[in-house]
>>> print(open('structure_26.csv').read())   # CSV, C-alpha atoms and all ligand atoms
chain,number,residue,atom,x,y,z
A,1,MET,CA,117.5,57.9,-9.6
A,2,SER,CA,120.8,56.7,-10.9
A,3,LYS,CA,121.0,52.9,-11.3
A,4,LEU,CA,122.1,51.2,-8.1
A,5,GLY,CA,124.4,48.2,-8.1
A,6,VAL,CA,123.6,45.6,-5.5
A,7,VAL,CA,125.2,42.4,-4.2
A,8,ILE,CA,123.1,39.6,-2.6
A,9,VAL,CA,125.0,37.9,0.2
A,10,GLY,CA,123.3,34.6,0.8
A,11,THR,CA,121.7,32.1,-1.6
A,12,GLY,CA,118.8,30.7,0.3
A,13,MET,CA,115.0,31.3,-0.1
A,14,ILE,CA,115.2,34.9,1.2
A,15,GLY,CA,118.2,35.8,-1.0
A,16,ALA,CA,116.0,35.0,-4.0
A,17,VAL,CA,113.2,37.2,-2.6
A,18,HIS,CA,115.7,40.1,-2.2
A,19,ARG,CA,117.1,39.6,-5.7
A,20,ARG,CA,113.6,39.8,-7.3
A,21,ALA,CA,112.7,42.9,-5.3
A,22,ALA,CA,115.9,44.6,-6.2
A,23,LEU,CA,115.4,44.0,-9.9
A,24,LEU,CA,111.8,45.2,-9.7
A,25,ALA,CA,113.0,48.4,-7.9
A,26,GLY,CA,115.3,49.1,-10.9
A,27,ALA,CA,118.7,48.1,-9.4
A,28,THR,CA,121.3,46.0,-11.2
A,29,VAL,CA,122.2,42.8,-9.3
A,30,ARG,CA,125.9,42.8,-9.9
A,31,GLY,CA,126.7,39.6,-8.2
A,32,VAL,CA,126.2,37.1,-5.4
A,33,VAL,CA,128.2,35.7,-2.5
A,34,GLY,CA,127.5,32.2,-1.3
A,35,SER,CA,128.5,29.9,1.5
A,36,SER,CA,130.9,28.2,-1.0
A,37,PRO,CA,132.0,29.2,-4.5
A,38,GLU,CA,130.2,26.2,-6.0
A,39,ARG,CA,126.9,27.2,-4.4
A,40,ALA,CA,127.3,30.8,-5.4
A,41,LYS,CA,128.0,29.7,-9.0
A,42,GLU,CA,125.0,27.5,-9.1
A,43,VAL,CA,122.7,30.3,-7.8
A,44,ALA,CA,124.3,33.0,-10.0
A,45,GLN,CA,123.4,30.8,-13.0
A,46,ALA,CA,119.8,30.2,-11.8
A,47,TRP,CA,119.3,33.9,-11.1
A,48,ASN,CA,121.1,35.1,-14.2
A,49,VAL,CA,123.5,37.1,-12.2
A,50,PRO,CA,126.7,38.1,-14.0
A,51,ARG,CA,129.3,37.7,-11.2
A,52,VAL,CA,130.2,35.4,-8.4
A,53,TYR,CA,132.3,37.2,-5.8
A,54,ARG,CA,134.9,35.1,-4.1
A,55,ASP,CA,133.9,36.6,-0.7
A,56,VAL,CA,132.3,39.6,0.8
A,57,GLU,CA,135.6,41.5,0.7
A,58,GLU,CA,135.8,41.2,-3.0
A,59,ALA,CA,132.2,42.4,-3.4
A,60,LEU,CA,132.8,45.4,-1.1
A,61,ALA,CA,135.9,46.4,-3.2
A,62,ASP,CA,133.7,46.7,-6.3
A,63,PRO,CA,132.9,50.4,-6.8
A,64,ASP,CA,129.8,49.5,-8.8
A,65,VAL,CA,128.2,47.9,-5.7
A,66,HIS,CA,126.3,50.5,-3.8
A,67,VAL,CA,124.0,48.3,-1.6
A,68,VAL,CA,124.7,45.1,0.2
A,69,HIS,CA,121.8,42.8,0.9
A,70,VAL,CA,122.7,40.5,3.9
A,71,CYS,CA,120.6,37.3,3.6
A,72,THR,CA,122.7,34.9,5.6
A,73,PRO,CA,122.1,32.9,8.8
A,74,ASN,CA,121.7,35.3,11.7
A,75,HIS,CA,125.2,34.9,13.3
A,76,LEU,CA,126.8,36.5,10.2
A,77,HIS,CA,124.6,39.6,10.2
A,78,ARG,CA,126.8,41.6,12.6
A,79,PRO,CA,130.2,41.1,10.8
A,80,LEU,CA,128.7,41.4,7.3
A,81,ALA,CA,126.6,44.5,7.9
A,82,GLN,CA,129.5,46.1,9.8
A,83,ALA,CA,132.0,45.4,7.0
A,84,ALA,CA,129.5,46.8,4.4
A,85,LEU,CA,128.9,50.0,6.4
A,86,GLU,CA,132.6,50.5,7.0
A,87,ALA,CA,133.2,50.2,3.3
A,88,GLY,CA,130.7,53.0,2.7
A,89,LYS,CA,127.9,50.8,1.3
A,90,HIS,CA,124.2,51.0,2.1
A,91,VAL,CA,122.8,47.9,3.7
A,92,VAL,CA,119.6,45.9,3.8
A,93,CYS,CA,120.2,43.3,6.6
A,94,GLU,CA,117.7,40.5,7.3
A,95,LYS,CA,116.1,40.3,10.7
A,96,PRO,CA,117.0,39.7,13.5
A,97,LEU,CA,119.5,42.5,13.0
A,98,ALA,CA,121.9,40.6,15.3
A,99,THR,CA,121.9,37.6,17.7
A,100,THR,CA,122.8,39.8,20.7
A,101,LEU,CA,121.6,43.1,22.0
A,102,ASP,CA,125.2,44.4,22.1
A,103,ASP,CA,125.8,43.6,18.5
A,104,ALA,CA,122.5,45.2,17.4
A,105,GLN,CA,123.5,48.4,19.4
A,106,ALA,CA,126.9,48.5,17.7
A,107,LEU,CA,125.3,48.2,14.3
A,108,ALA,CA,122.6,50.8,14.9
A,109,ALA,CA,125.3,53.2,16.2
A,110,LEU,CA,127.6,52.6,13.3
A,111,ALA,CA,124.7,53.1,10.8
A,112,ALA,CA,123.7,56.4,12.4
A,113,SER,CA,127.3,57.6,12.4
A,114,THR,CA,127.9,56.9,8.7
A,115,GLY,CA,124.6,58.5,7.5
A,116,LEU,CA,124.2,55.5,5.1
A,117,ILE,CA,120.8,53.9,4.6
A,118,ALA,CA,120.5,50.8,6.7
A,119,THR,CA,117.2,48.9,6.7
A,120,VAL,CA,115.7,45.7,8.1
A,121,PRO,CA,112.9,43.9,6.3
A,122,PHE,CA,110.0,44.1,8.7
A,123,VAL,CA,108.0,43.8,5.6
A,124,TYR,CA,104.6,43.2,7.0
A,125,ARG,CA,104.4,47.0,7.5
A,126,TYR,CA,104.0,47.1,3.7
A,127,HIS,CA,100.6,45.4,3.6
A,128,PRO,CA,98.3,48.2,2.4
A,129,VAL,CA,95.5,47.4,4.9
A,130,VAL,CA,98.1,47.4,7.7
A,131,ARG,CA,98.8,51.0,6.7
A,132,GLU,CA,95.0,51.6,6.8
A,133,ALA,CA,94.8,50.3,10.4
A,134,ARG,CA,97.7,52.5,11.4
A,135,ALA,CA,96.1,55.6,9.8
A,136,ARG,CA,92.8,54.9,11.5
A,137,ILE,CA,94.4,54.5,14.9
A,138,ALA,CA,96.5,57.6,14.5
A,139,GLN,CA,93.4,59.6,13.6
A,140,GLY,CA,91.7,58.4,16.8
A,141,GLU,CA,89.1,56.4,15.1
A,142,LEU,CA,89.4,53.5,17.6
A,143,GLY,CA,89.6,55.8,20.6
A,144,PRO,CA,91.9,54.9,23.6
A,145,LEU,CA,93.2,51.4,23.2
A,146,ARG,CA,91.9,48.8,25.6
A,147,LEU,CA,93.6,45.5,24.5
A,148,ILE,CA,96.0,44.2,21.9
A,149,HIS,CA,96.2,40.4,21.1
A,150,GLY,CA,97.4,38.1,18.5
A,151,SER,CA,99.6,35.3,17.3
A,152,TYR,CA,102.1,34.3,14.7
A,153,LEU,CA,101.9,30.6,13.8
A,154,GLN,CA,103.8,28.4,11.4
A,155,ASP,CA,104.1,24.6,11.0
A,156,TRP,CA,107.3,24.1,9.0
A,157,LEU,CA,109.1,22.7,12.0
A,158,LEU,CA,106.3,20.4,13.2
A,159,ASP,CA,107.9,17.3,12.0
A,160,PRO,CA,111.0,16.1,14.1
A,161,ALA,CA,112.6,15.2,10.7
A,162,SER,CA,112.6,18.9,9.9
A,163,ASN,CA,115.7,20.9,10.8
A,164,ASN,CA,117.3,24.2,9.8
A,165,TRP,CA,120.2,26.4,10.9
A,166,ARG,CA,117.6,28.5,12.8
A,167,VAL,CA,117.3,25.7,15.3
A,168,ASP,CA,121.0,25.9,16.3
A,169,PRO,CA,121.6,28.8,18.7
A,170,ALA,CA,125.2,29.1,17.4
A,171,LEU,CA,123.8,30.1,14.0
A,172,GLY,CA,120.4,31.5,14.7
A,173,GLY,CA,120.8,33.0,18.2
A,174,THR,CA,119.5,32.0,21.7
A,175,SER,CA,115.8,32.5,20.8
A,176,ARG,CA,114.5,30.9,17.7
A,177,VAL,CA,110.7,31.2,17.3
A,178,PHE,CA,110.4,34.5,19.1
A,179,ALA,CA,113.4,36.2,17.4
A,180,ASP,CA,112.4,34.8,14.0
A,181,ILE,CA,108.7,35.6,13.9
A,182,GLY,CA,107.7,37.0,17.2
A,183,SER,CA,110.0,39.9,16.3
A,184,HIS,CA,107.8,40.6,13.2
A,185,TRP,CA,104.6,40.7,15.3
A,186,CYS,CA,106.1,43.1,17.9
A,187,ASP,CA,107.5,45.4,15.3
A,188,LEU,CA,104.2,45.5,13.5
A,189,VAL,CA,101.9,45.9,16.5
A,190,GLU,CA,104.1,48.7,18.1
A,191,TRP,CA,104.2,50.5,14.7
A,192,VAL,CA,100.5,50.1,14.0
A,193,SER,CA,99.2,50.9,17.5
A,194,GLY,CA,101.7,53.7,18.2
A,195,GLU,CA,102.2,52.2,21.7
A,196,ARG,CA,105.5,50.8,23.1
A,197,PHE,CA,105.9,47.8,25.2
A,198,VAL,CA,107.5,48.6,28.5
A,199,ASP,CA,107.2,45.3,30.5
A,200,VAL,CA,107.1,41.6,29.5
A,201,SER,CA,106.3,38.3,31.1
A,202,ALA,CA,107.3,35.5,28.7
A,203,ALA,CA,107.5,31.7,28.6
A,204,PHE,CA,109.3,29.4,26.1
A,205,GLU,CA,108.9,25.7,25.4
A,206,THR,CA,110.9,23.3,23.3
A,207,VAL,CA,108.2,20.7,22.5
A,208,ILE,CA,110.3,18.7,20.1
A,209,ALA,CA,113.4,17.6,22.1
A,210,GLU,CA,115.3,16.0,19.3
A,211,ARG,CA,115.4,16.7,15.6
A,212,ALA,CA,117.1,15.0,12.6
A,213,ALA,CA,120.6,16.3,12.3
A,214,ALA,CA,120.7,19.5,10.2
A,215,THR,CA,122.2,19.7,6.8
A,216,GLY,CA,122.8,23.5,7.1
A,217,GLN,CA,120.5,24.3,4.1
A,218,SER,CA,117.6,26.6,4.6
A,219,PHE,CA,114.3,24.8,5.0
A,220,ALA,CA,116.0,21.4,4.3
A,221,THR,CA,114.4,18.2,5.5
A,222,PRO,CA,117.0,15.6,6.3
A,223,ALA,CA,116.4,12.0,5.3
A,224,ALA,CA,114.3,9.9,7.8
A,225,GLY,CA,116.3,7.5,9.9
A,226,GLY,CA,119.4,9.6,10.1
A,227,ALA,CA,121.2,10.9,13.2
A,228,MET,CA,119.2,12.9,15.7
A,229,GLN,CA,120.4,16.0,17.6
A,230,ALA,CA,119.1,17.6,20.8
A,231,VAL,CA,117.2,20.9,20.5
A,232,SER,CA,117.6,23.8,22.9
A,233,SER,CA,115.9,26.6,21.1
A,234,GLU,CA,112.1,27.2,21.6
A,235,ASP,CA,109.4,25.8,19.3
A,236,VAL,CA,106.6,27.9,21.0
A,237,ALA,CA,106.5,31.0,23.1
A,238,ALA,CA,103.9,33.1,24.9
A,239,ALA,CA,104.4,36.7,26.0
A,240,LEU,CA,102.3,39.2,27.9
A,241,PHE,CA,103.3,42.8,27.4
A,242,LYS,CA,102.2,46.0,29.0
A,243,THR,CA,102.6,49.3,27.0
A,244,GLY,CA,103.5,52.7,28.3
A,245,ASN,CA,99.8,53.6,28.3
A,246,GLY,CA,99.0,50.6,30.4
A,247,THR,CA,97.5,48.5,27.6
A,248,LEU,CA,97.9,44.8,27.8
A,249,ALA,CA,99.1,42.9,24.8
A,250,SER,CA,99.3,39.1,24.5
A,251,LEU,CA,101.2,37.2,21.8
A,252,THR,CA,101.5,33.4,21.0
A,253,VAL,CA,104.1,32.3,18.6
A,254,SER,CA,104.8,28.8,17.2
A,255,GLN,CA,106.6,27.0,14.4
A,256,VAL,CA,104.8,23.7,15.2
A,257,SER,CA,101.1,24.5,14.7
A,258,ALA,CA,99.7,22.1,12.0
A,259,GLY,CA,98.1,23.9,9.1
A,260,ARG,CA,99.4,27.3,9.9
A,261,LYS,CA,101.8,28.4,7.3
A,262,ASN,CA,102.5,32.0,7.9
A,263,ARG,CA,99.6,33.1,10.1
A,264,LEU,CA,100.5,36.5,11.6
A,265,TRP,CA,97.3,37.8,13.1
A,266,PHE,CA,96.6,40.7,15.4
A,267,GLU,CA,93.6,42.5,16.8
A,268,ILE,CA,93.7,46.0,18.4
A,269,ASP,CA,90.6,46.8,20.5
A,270,GLY,CA,89.8,50.5,21.3
A,271,ALA,CA,87.0,52.2,23.2
A,272,HIS,CA,85.0,52.9,20.0
A,273,ALA,CA,86.2,50.2,17.5
A,274,SER,CA,88.5,47.3,16.9
A,275,VAL,CA,90.7,46.3,13.9
A,276,ALA,CA,92.0,42.9,13.0
A,277,PHE,CA,94.5,41.8,10.4
A,278,ASP,CA,95.4,38.3,9.1
A,279,GLN,CA,98.5,38.0,7.0
A,280,GLU,CA,97.0,34.9,5.2
A,281,ASP,CA,93.9,36.9,4.2
A,282,CYS,CA,95.8,40.2,3.7
A,283,GLU,CA,93.5,42.0,1.3
A,284,ARG,CA,91.0,42.8,4.1
A,285,LEU,CA,90.9,44.7,7.4
A,286,TRP,CA,88.2,43.7,9.8
A,287,ILE,CA,86.7,46.7,11.7
A,288,GLY,CA,84.5,45.8,14.7
A,289,LEU,CA,82.0,48.3,16.0
A,290,PRO,CA,79.6,48.3,18.9
A,291,ASP,CA,75.9,47.1,18.6
A,292,GLN,CA,76.5,44.1,16.4
A,293,ARG,CA,78.0,46.2,13.6
A,294,GLU,CA,81.1,45.3,11.7
A,295,GLU,CA,82.8,46.5,8.5
A,296,THR,CA,85.4,45.2,6.1
A,297,PHE,CA,87.9,47.5,4.5
A,298,VAL,CA,89.1,46.0,1.2
A,299,ARG,CA,92.5,46.9,-0.2
A,300,GLY,CA,92.5,49.0,-3.4
A,301,PRO,CA,93.9,52.2,-4.8
A,302,ALA,CA,90.6,54.1,-4.8
A,303,ALA,CA,89.8,54.4,-1.1
A,304,GLY,CA,91.3,54.7,2.4
A,305,SER,CA,94.4,56.4,3.7
A,306,ALA,CA,97.1,57.9,1.5
A,307,GLU,CA,99.6,55.2,2.4
A,308,GLN,CA,97.1,52.4,1.8
A,309,ARG,CA,96.5,53.9,-1.7
A,310,ARG,CA,100.2,54.4,-2.3
A,311,LEU,CA,101.0,50.7,-1.7
A,312,SER,CA,98.0,49.4,-3.6
A,313,VAL,CA,99.7,48.7,-6.8
A,314,PHE,CA,96.9,46.5,-8.3
A,315,PRO,CA,93.1,47.2,-8.5
A,316,ALA,CA,90.9,45.7,-5.8
A,317,GLY,CA,90.3,42.0,-6.5
A,318,HIS,CA,93.8,41.5,-8.0
A,319,ALA,CA,95.4,40.0,-5.0
A,320,GLN,CA,98.6,41.5,-3.5
A,321,GLY,CA,100.7,39.7,-0.9
A,322,TYR,CA,104.0,38.9,0.8
A,323,GLY,CA,106.1,39.4,-2.4
A,324,ASN,CA,104.6,42.8,-3.0
A,325,CYS,CA,105.4,43.8,0.5
A,326,PHE,CA,109.0,42.9,0.0
A,327,GLU,CA,109.1,44.7,-3.3
A,328,ALA,CA,107.7,47.9,-1.7
A,329,PHE,CA,110.1,47.7,1.2
A,330,VAL,CA,113.2,47.4,-1.1
A,331,ALA,CA,111.8,50.2,-3.4
A,332,ASP,CA,111.4,52.5,-0.4
A,333,THR,CA,115.0,51.6,0.8
A,334,TYR,CA,116.3,52.7,-2.6
A,335,ARG,CA,114.2,55.8,-2.5
A,336,ALA,CA,115.7,56.7,0.9
A,337,ILE,CA,119.2,56.2,-0.7
A,338,ASP,CA,118.0,58.7,-3.3
A,339,GLY,CA,117.3,61.2,-0.6
A,340,GLU,CA,113.5,60.6,-0.1
A,341,GLN,CA,112.0,59.9,3.3
A,342,PRO,CA,109.4,57.1,2.8
A,343,GLU,CA,106.9,56.7,5.5
A,344,GLY,CA,107.4,53.7,7.8
A,345,LEU,CA,110.7,52.5,6.4
A,346,PRO,CA,112.1,50.0,9.0
A,347,THR,CA,115.7,50.9,9.7
A,348,PHE,CA,118.6,49.6,11.9
A,349,ALA,CA,117.0,51.7,14.8
A,350,ASP,CA,113.9,49.5,14.4
A,351,GLY,CA,116.2,46.4,14.3
A,352,LEU,CA,117.8,47.6,17.5
A,353,ARG,CA,114.3,48.1,19.1
A,354,SER,CA,113.4,44.5,18.1
A,355,ALA,CA,116.7,43.1,19.5
A,356,MET,CA,115.9,44.9,22.8
A,357,ILE,CA,112.5,43.3,23.0
A,358,VAL,CA,113.9,39.8,22.1
A,359,ASP,CA,116.6,40.2,24.8
A,360,ARG,CA,114.1,41.1,27.5
A,361,VAL,CA,111.7,38.3,26.4
A,362,ILE,CA,114.6,35.8,26.8
A,363,THR,CA,115.5,37.3,30.2
A,364,SER,CA,111.9,37.1,31.4
A,365,ALA,CA,111.4,33.5,30.2
A,366,ARG,CA,114.6,32.4,32.0
A,367,ALA,CA,113.8,34.3,35.2
A,368,ARG,CA,110.1,33.4,35.1
A,369,ALA,CA,109.5,37.0,36.0
A,370,TRP,CA,108.1,40.3,34.7
A,371,THR,CA,111.0,42.2,33.1
A,372,ALA,CA,111.3,45.9,32.1
A,373,ILE,CA,112.0,46.7,28.4
A,374,GLY,CA,114.2,49.7,27.9
B,401,LIG,O1,111.1,36.6,8.4
B,401,LIG,C1,110.3,35.4,8.4
B,401,LIG,C2,111.2,34.2,8.2
B,401,LIG,O2,112.3,34.1,9.0
B,401,LIG,C3,109.3,35.4,7.3
B,401,LIG,O3,108.5,36.5,7.2
B,401,LIG,C4,108.6,34.1,7.3
B,401,LIG,O4,109.0,33.2,8.3
B,401,LIG,C5,109.2,33.4,6.1
B,401,LIG,O5,110.3,32.7,6.7
B,401,LIG,C6,110.4,32.9,8.0
>>> encode(input="structure_26.csv", output="structure tokens")
Amino acid sequence: MSKLGVVIVGTGMIGAVHRRAALLAGATVRGVVGSSPERAKEVAQAWNVPRVYRDVEEALADPDVHVVHVCTPNHLHRPLAQAALEAGKHVVCEKPLATTLDDAQALAALAASTGLIATVPFVYRYHPVVREARARIAQGELGPLRLIHGSYLQDWLLDPASNNWRVDPALGGTSRVFADIGSHWCDLVEWVSGERFVDVSAAFETVIAERAAATGQSFATPAAGGAMQAVSSEDVAAALFKTGNGTLASLTVSQVSAGRKNRLWFEIDGAHASVAFDQEDCERLWIGLPDQREETFVRGPAAGSAEQRRLSVFPAGHAQGYGNCFEAFVADTYRAIDGEQPEGLPTFADGLRSAMIVDRVITSARARAWTAIG
């Protein structure tokens, strides 16, 4: 593969994750674009990146930039990803792909028409044991599915003194917790189970009515005693889905559950066996069997499905986690740019699917009614 040049647009926590993954995948990080030239300069120094672009236009005009990583607040995803594709650049755009279904449709259509590689980091697909679960379900080991259930819980917004751009619908979009993390769970569970959600009944609650005024910085905690602002985006959500096969799926999401840091959990129950996955204990897949039997599949390069083994970069017992998922996702994106077709690479089509589900979840929560998902 010839060396790819990339630009990271966005200087927050996730921009740093993209930069590290890009380097490990063999790309050259040519420069960075920040919310201000000062911020970009500070981060470029910290990341040891040679160039600070004045703005995205300047980065897109650089012929040595082949891939644009969009790591900004959500409301900027549409204009930035569109500009990059129109400039002939491949794109990795953070999720949610866009803050409205219309924008996600436009981006997915544009990406398809250009033939450029355009991906969305639904990175939990890259846990090796998640691939193992998918392979076992695809081989029929679980039998017909009977029930899907799970949750995605965090606590970083439990304190009313905590705020973030995600809380503001103008920057993050109408839905917060569902679009931010419920979207991961839905992508993962549809992909692993091979089933598609066709109907939803959802409910949202804003349990912290006021938060300290945001500073605009990702994961910032404003000083106690400062100004407060009203919150309209949801802190918690519950959704009941029905799949095209008639399987029920239930999901609980929260960013205010004390002690839960990034606890994405699902269980898929079939007629012959069940599987369960916990992102915070991600080296193991629980396999439930009838008659008081159970098994644990442990991640490692020596056993299991081909994809599980491909993604197991360390021997068993040498823990892999979130960072490795991100690295594998970015490496697969670059392989796709090089003409390969990596299994399970989440593209703008998957970003659009997610935007469709989020849109219908919002509609259902507002109408307090079952809503069809297209
Ligand atoms: O995409 C998600 C983020 O928006 C992540 O996977 C975890 O939750 C980390 O930050 C948020």
>>> closest_residue(input="structure_26.csv", among="A:Gly31, A:Gly246, A:Gly321, A:Gly226", to="ligand LIG 401 (chain B)", atoms="all atoms listed in the file")
A:Gly321
>>> residues_near_ligand(input="structure_26.csv", ligand="ligand LIG 401 (chain B)", cutoff="8 Å", atoms="only C-alpha atoms and all ligand atoms", output="compact mmCIF listing (two decimals) with C-alpha atoms, in the coordinates of the input")
# COMPACT_ATOMS: atom_id res chain seq x y z
CA ILE A 14 115.20 34.90 1.20
CA GLU A 94 117.70 40.50 7.30
CA LYS A 95 116.10 40.30 10.70
CA PRO A 121 112.90 43.90 6.30
CA PHE A 122 110.00 44.10 8.70
CA VAL A 123 108.00 43.80 5.60
CA TYR A 124 104.60 43.20 7.00
CA GLN A 154 103.80 28.40 11.40
CA ASP A 180 112.40 34.80 14.00
CA ILE A 181 108.70 35.60 13.90
CA HIS A 184 107.80 40.60 13.20
CA ASN A 262 102.50 32.00 7.90
>>> closest_residue(input="structure_26.csv", among="A:Arg125, A:Arg78, A:His66, A:His149", to="Leu352 in chain A", atoms="all atoms listed in the file")
A:Arg78
>>> residues_around(input="structure_26.csv", residues="Gly259 in chain A", least_positions_apart="4", cutoff="12 Å", atoms="all atoms listed in the file", output="list in words")
Leu153, Gln154, Asp155, Trp156, Leu157, Leu158, Ser254, Gln255, Arg263 and Glu280 of chain A
>>> closest_residue(input="structure_26.csv", among="A:Leu171, A:Gln105, A:Thr333, A:Val200", to="His69 in chain A", atoms="only C-alpha atoms")
A:Thr333
>>> atom_distance(input="structure_26.csv", atom1="CA of Val43 in chain A", atom2="CA of Ala319 in chain A")
29.1 Å
>>> atom_distance(input="structure_26.csv", atom1="CA of Ala25 in chain A", atom2="CA of Asp281 in chain A")
25.4 Å
>>> atom_distance(input="structure_26.csv", atom1="CA of Ser354 in chain A", atom2="CA of Pro144 in chain A")
24.5 Å
